[in-house]
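S.K.: The structure's right below; bear with me while I get my questions together.
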Amino acid sequence: MLSLLAGVVAMAWKMTSTMMVAAAIAALVACDDDDTGAAAPPGVDAGTSDAPTKGDDDDDDDDDSDAGADAGKKPREAPVFLAADEYEDLIAIDPAFPFGVTQVHPADSNIVGSHWGSHGGPMVTTGAYGAPSDGPKVIRWTVGGGATADAQKTEVPFVKASDLPSPFFYGADGMVDTPFGGLLSYTGAPPTFAGEALLYDADYTTVTSRAKTNGFYSGVGLRGAKGDLVVYSGLSELSTAASVVTDNGLYAAPLCNGALAGAAPCAEPHKLFAWAGSSGPVVTDAHGNVFVAASLSDGDTSDEVYALTTAQAFGGAAVAKVVVAAADTLGTASLAAIAPEDGAPGYVVGLGYAPDAPVHASPYVESATALAKGTAAPLANAIERADGVDSLYVFTDDEGDLWLAVTKGTEGTFIELRRRP
């Protein structure tokens with residue numbers, strides 16, 4: 001496995017906000033071999049803080065179904081691309097990367113760690129570690145009102161689960177909106193790194209289910225004909241009891257009567273596949289395919305991205321690893337997947353922890369049963385940062401379009417890219 005020292009060095013590059021401290025600890029978790037924890041009862045938890053205001057409950061980019069689920073949708077309007085002077089102070093795009101900028105939205109605060117939310121815009125978890133004093137929140141951003149309008153934010157507090165260890169660290173993603181509620185995780189401090197996955201209602205007012213797990217790093221929620229499923233990278237299955245298992249890999253946990261780890265005869269959580277190294281981000285594309293970035297201790301490159309279909313994720317058994325991208329990035333800080341469209345390949349895009357790391361992009365193709373690498377060459381510098389850019393994150397929206405969260409000094413900017421005709 002990667003050494004703890006290497007993990008610390010890689011993660012130090014990500015320490016631009018308190019949220020990134022959690023990502024650092026979680027990455028070290030995947031390298032640790034001594035995880036235990038005290039049991040806590042699963043089930044409904046009203047929490048320990050005031051209830052937040054009501055939020056939306058629309059499906060987000062984690063609302064995954066079989067490929068082709070978008071059939072019958074109204075055709076989208078053709079993209080209108082912005083001139084380079086609208087964004088060239090932030091990014092530069094390789095002409096070989098077949099995407100252009102369609103929206104640029106300035107934001108007035110930290111947008112590090114952004115991903116798409118159920119309200120139809122980016123979201124960020126903040127204040128999860130005691131600051132600000134009024135408790136943890138989800139910042140929901142609205143990116144409408146014109147292609148270059150300022151992004152608007154709404155703060156939504158979320159209830160803090162009871163009986164948390166001290167100290168503890170929320171997961172790398174913060175709160176993630178799924179088709180069946182908010183998903184949050186935490187990891188305990190060394191030497192155990194034991195933690196839990198927490199499932200919230202859509203308004204974040206109540207913890208509806210909680211399950212023990214070691215080293216939960218990143219996860220998504222899928223909805224399909226067979227029910228609801230959490231797919232995540234970590235060290236152990238979800239369980240009602242604490243475990244000492246430290247087996248790094250990608251796991252699937254079927255929800256049963258709303259529970260993350262239901263009693264028999266509910267289907268048990270299980271490992272899909274493993275790798276030697278550290279956990280990384282888990283994302284989906286618009287077709288419901290699942291992707292996970294793995295930091296390797298024994299590979300030809302430092303990082304690989306594995307992919308599987310929705311059907312494979314719901315299959316109830318282990319699956320073979322399929323590599324769709326590889327890069328030497330010393331860990332993946334951010335990952336996104338753009339689904340294939342009209343015969344054109346999809347793209348896995350990601351970047352490492354280095355402050356000047358570019359976005360790399362690798363094509364992939366899909367069939368009814370599996371995903372595979374595309375035939376075109378990967379792009380090592382698909383998107384590069386302009387001078388002075390402090391951080392860059394990639395994610396996709398519920399249409400499957402690529403977004404960037406760019407921070408430069410005290411200013412943030414959301415940038416949308418769409419495929420060129």
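Ordering of the structure tokens sets the chain letters (A, B, ...), residue numbers begin anew at 1 in every chain, and ligands are numbered from 1 in the order given.
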Could you pull out the residues in range 120-241 of chain A that DSSP calls strand (DSSP E or B) from the backbone, as JSON, numbers by chain?
M.R.: {"A": [122, 123, 124, 125, 126, 137, 138, 139, 140, 141, 142, 152, 153, 154, 155, 156, 157, 168, 169, 170, 176, 177, 178, 181, 182, 183, 184, 185, 186, 187, 188, 194, 195, 196, 197, 198, 199, 200, 207, 208, 209, 210, 211, 212, 213, 214, 218, 219, 220, 221, 222, 223, 224, 227, 228, 229, 230, 231, 232, 233, 234, 239]}
S.K.: Report the closest atom pair, with its distance in Å rounded to one decimal, for each residue of range 97-153 of chain A that has an atom no farther than 12 Å from range 359-369 of chain A; count only C-alpha atoms, sort by chain and then rising residue number, and write it as a Markdown table.
M.R.:
```
| residue | atom | partner | partner_atom | distance |
| --- | --- | --- | --- | --- |
| A:Phe97 | CA | A:Ala361 | CA | 7.9 |
| A:Pro98 | CA | A:Ala361 | CA | 10.6 |
| A:Phe99 | CA | A:Ala361 | CA | 11.2 |
```
S.K.: Kindly save the residues from that selection, with all heavy atoms included, as a PDB file, in the first residue's frame.
M.R.:
```
ATOM      1  N   PHE A  97      -9.676  18.460 -26.958  1.00  0.00           N
ATOM      2  CA  PHE A  97     -10.756  18.094 -26.039  1.00  0.00           C
ATOM      3  C   PHE A  97     -12.039  18.696 -26.601  1.00  0.00           C
ATOM      4  O   PHE A  97     -12.182  19.925 -26.665  1.00  0.00           O
ATOM      5  CB  PHE A  97     -10.464  18.635 -24.650  1.00  0.00           C
ATOM      6  CG  PHE A  97     -11.419  18.172 -23.582  1.00  0.00           C
ATOM      7  CD1 PHE A  97     -11.718  16.834 -23.413  1.00  0.00           C
ATOM      8  CD2 PHE A  97     -11.999  19.085 -22.712  1.00  0.00           C
ATOM      9  CE1 PHE A  97     -12.580  16.393 -22.413  1.00  0.00           C
ATOM     10  CE2 PHE A  97     -12.856  18.671 -21.704  1.00  0.00           C
ATOM     11  CZ  PHE A  97     -13.150  17.312 -21.562  1.00  0.00           C
ATOM     12  N   PRO A  98     -13.005  17.872 -27.032  1.00  0.00           N
ATOM     13  CA  PRO A  98     -14.135  18.377 -27.825  1.00  0.00           C
ATOM     14  C   PRO A  98     -15.246  19.021 -27.001  1.00  0.00           C
ATOM     15  O   PRO A  98     -16.430  18.715 -27.163  1.00  0.00           O
ATOM     16  CB  PRO A  98     -14.633  17.110 -28.531  1.00  0.00           C
ATOM     17  CG  PRO A  98     -14.343  16.010 -27.569  1.00  0.00           C
ATOM     18  CD  PRO A  98     -13.033  16.399 -26.913  1.00  0.00           C
ATOM     19  N   PHE A  99     -14.883  19.931 -26.116  1.00  0.00           N
ATOM     20  CA  PHE A  99     -15.843  20.616 -25.270  1.00  0.00           C
ATOM     21  C   PHE A  99     -15.507  22.102 -25.222  1.00  0.00           C
ATOM     22  O   PHE A  99     -14.340  22.491 -25.313  1.00  0.00           O
ATOM     23  CB  PHE A  99     -15.841  20.035 -23.852  1.00  0.00           C
ATOM     24  CG  PHE A  99     -16.325  18.613 -23.782  1.00  0.00           C
ATOM     25  CD1 PHE A  99     -15.478  17.561 -24.059  1.00  0.00           C
ATOM     26  CD2 PHE A  99     -17.646  18.331 -23.457  1.00  0.00           C
ATOM     27  CE1 PHE A  99     -15.918  16.255 -24.010  1.00  0.00           C
ATOM     28  CE2 PHE A  99     -18.095  17.024 -23.407  1.00  0.00           C
ATOM     29  CZ  PHE A  99     -17.239  15.982 -23.687  1.00  0.00           C
TER      30      PHE A  99
END
```
S.K.: Just checking: using only C-alpha atoms, which residue out of A:Gly188, A:Gly195, A:Gly315, A:Gly277 ends up closest to Thr240 in chain A?
M.R.: A:Gly195
S.K.: At a cut-off of 10 Å, using only C-alpha atoms, what residues contact range 292-296 of chain A? Leave out same-chain residues fewer than 3 positions from it and give the result as a ChimeraX atom specification.
M.R.: /A:1-2,7,27,30,218-219,231-233,248-250,274-284,299-308,323,325-336,350
S.K.: For Gly224 in chain A, which residue among A:Phe180, A:Leu272, A:Leu255, A:Phe314 is the nearest when counting only C-alpha atoms?
M.R.: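 The answer is A:Phe314, which sits nearest to Gly224 in chain A.
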S.K.: So the first atom is CA of Ser166 in chain A and the second is CA of Ser185 in chain A; what is the distance between them in Å, to one decimal place?
M.R.: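 Taking CA of Ser166 in chain A and CA of Ser185 in chain A, their separation equals 14.6 Å.
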S.K.: Counting only C-alpha atoms, which residue out of A:Ala253, A:Thr208, A:Asp398, A:Val244 sits closest to Gly221 in chain A?
M.R.: A:Ala253
S.K.: Could you check which of A:Ala107, A:Val176, A:Val230, A:Ala318 is closest to Val138 in chain A, using only C-alpha atoms?
M.R.: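 Distance minimum relative to Val138 in chain A lands on A:Val176.
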S.K.: Please provide the set of residues having any atom within 7 Å of Leu198 in chain A, restricted to only C-alpha atoms, with same-chain residues fewer than 6 positions apart removed, written as a ChimeraX atom specification.
M.R.: /A:183-185,207,209-211
S.K.: Which residue, A:Val245, A:Val324, A:Ala263, A:Ala149, has the smallest gap to Ala377 in chain A when you use only C-alpha atoms?
M.R.: A:Val324
S.K.: Just the residues within 9 Å of Asp387 in chain A, please, counting only C-alpha atoms, with nothing from its chain fewer than 3 positions along; format it as an MDAnalysis selection string.
M.R.: chainID A and resid 89:91 356 390
S.K.: Which of these, A:Phe193, A:Trp403, A:Tyr353, A:Phe168, has the shortest distance to Ser391 in chain A once you count only C-alpha atoms?
M.R.: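 Nearest candidate to Ser391 in chain A out of A:Phe193, A:Trp403, A:Tyr353, A:Phe168: A:Tyr353.
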